[in-house]
Amino acid sequence: MNIIPAIDLRDGRVVRLRQGDFAQARVFAHDPLELATRYARAGADWLHLVDLDGARAAQPLQLASIARVAGSGLRVQAGGGVRTRGDVQRLLDAGVERVVVGSVTVRTPDAFVDWLHVFGAGRLCLALDLRLGEDGRWRPAVDAWQSTDDGDYAALLQRFADAGLRHVLTTDVAHDGMAAGPNLALYRLLAARWPSFAWIASGGVRDLADVTALRGTGVAACVAGTALLEGSLPLEALCSRAA
């Protein structure tokens, strides 16, 4: 299982949010390119990059910063505010290898299916961010997690599987940035039901024990952000990739 370091960008700075709340942003004193280079030297091969400003504005806003980080030598998957085919193309032109798409997949799934055909399954990643309701149903979180859609995520996943989707990144919003560990039960459920997807677990990873536990769920990779920035997950883990 691969460990993918994450960098969230806001105004060109490295930040981390709690449960997607922009009012609870922690700013880290790192230059994004220097941090990405550090991860590359530690053995990472992929980087997960989020344009938080773009996510709020519903259009990518930090293309220059993204292109700069894409020059680190890492393979970059990036998203935040992707709403049109042109947004996808601009990110690819900026050096991104895989574009992460969230809200569009829920609101206009036909468009996402079209993009899969135009760009190829290897260039796109579905961001399936989920929030558990009081009724026990999982619902997609959209619009930078500021809203929740009432759609059937399972039907969406099956449709995209039929269209050839390969990569799916999933976050339990309640676990993101909370240092409470990942939702192992959710990842086991998803990986067992849709084994054709390369699942990427995101949110809640604290240390090597969490990474080891995730290996048993069937996911192909996990994203780590705060744990790497704070040092509770050692950089050496990027080299070993929890093999």
# chains A, B, ... in the order shown; residues from 1 in each chain; ligands from 1
>>> residues_around(residues="A:Leu229", least_positions_apart="6", cutoff="12 Å", atoms="only C-alpha atoms", output="ChimeraX atom specification")
/A:5-8,14-16,26-30,32,35-36,38-39,177,205-207,235
>>> select_by_dssp(residues="stretch 59-150 of chain A", states="strand (DSSP E)", output="ChimeraX atom specification")
/A:75-79,98-101,124-132,138-142,147-148
>>> atom_distance(atom1="atom CA of A:Gly122", atom2="atom CA of A:Gly164")
9.6 Å
>>> atom_distance(atom1="atom CA of A:Ala155", atom2="atom CA of A:Val100")
19.5 Å
>>> closest_residue(among="A:Gly54, A:Gly73, A:Gly204, A:Gly102", to="A:Cys222", atoms="only C-alpha atoms")
A:Gly204
>>> closest_residue(among="A:Glu34, A:Asp143, A:Glu230, A:Asp172", to="A:Thr105", atoms="only C-alpha atoms")
A:Asp143
>>> residues_around(residues="A:Ala78", least_positions_apart="2", cutoff="9 Å", atoms="only C-alpha atoms", output="PyMOL selection string")
chain A and resi 47-51+66+76+80+91+96-101
>>> closest_residue(among="A:Ala67, A:Val223, A:Leu128, A:Leu238", to="A:Leu190", atoms="only C-alpha atoms")
A:Leu128
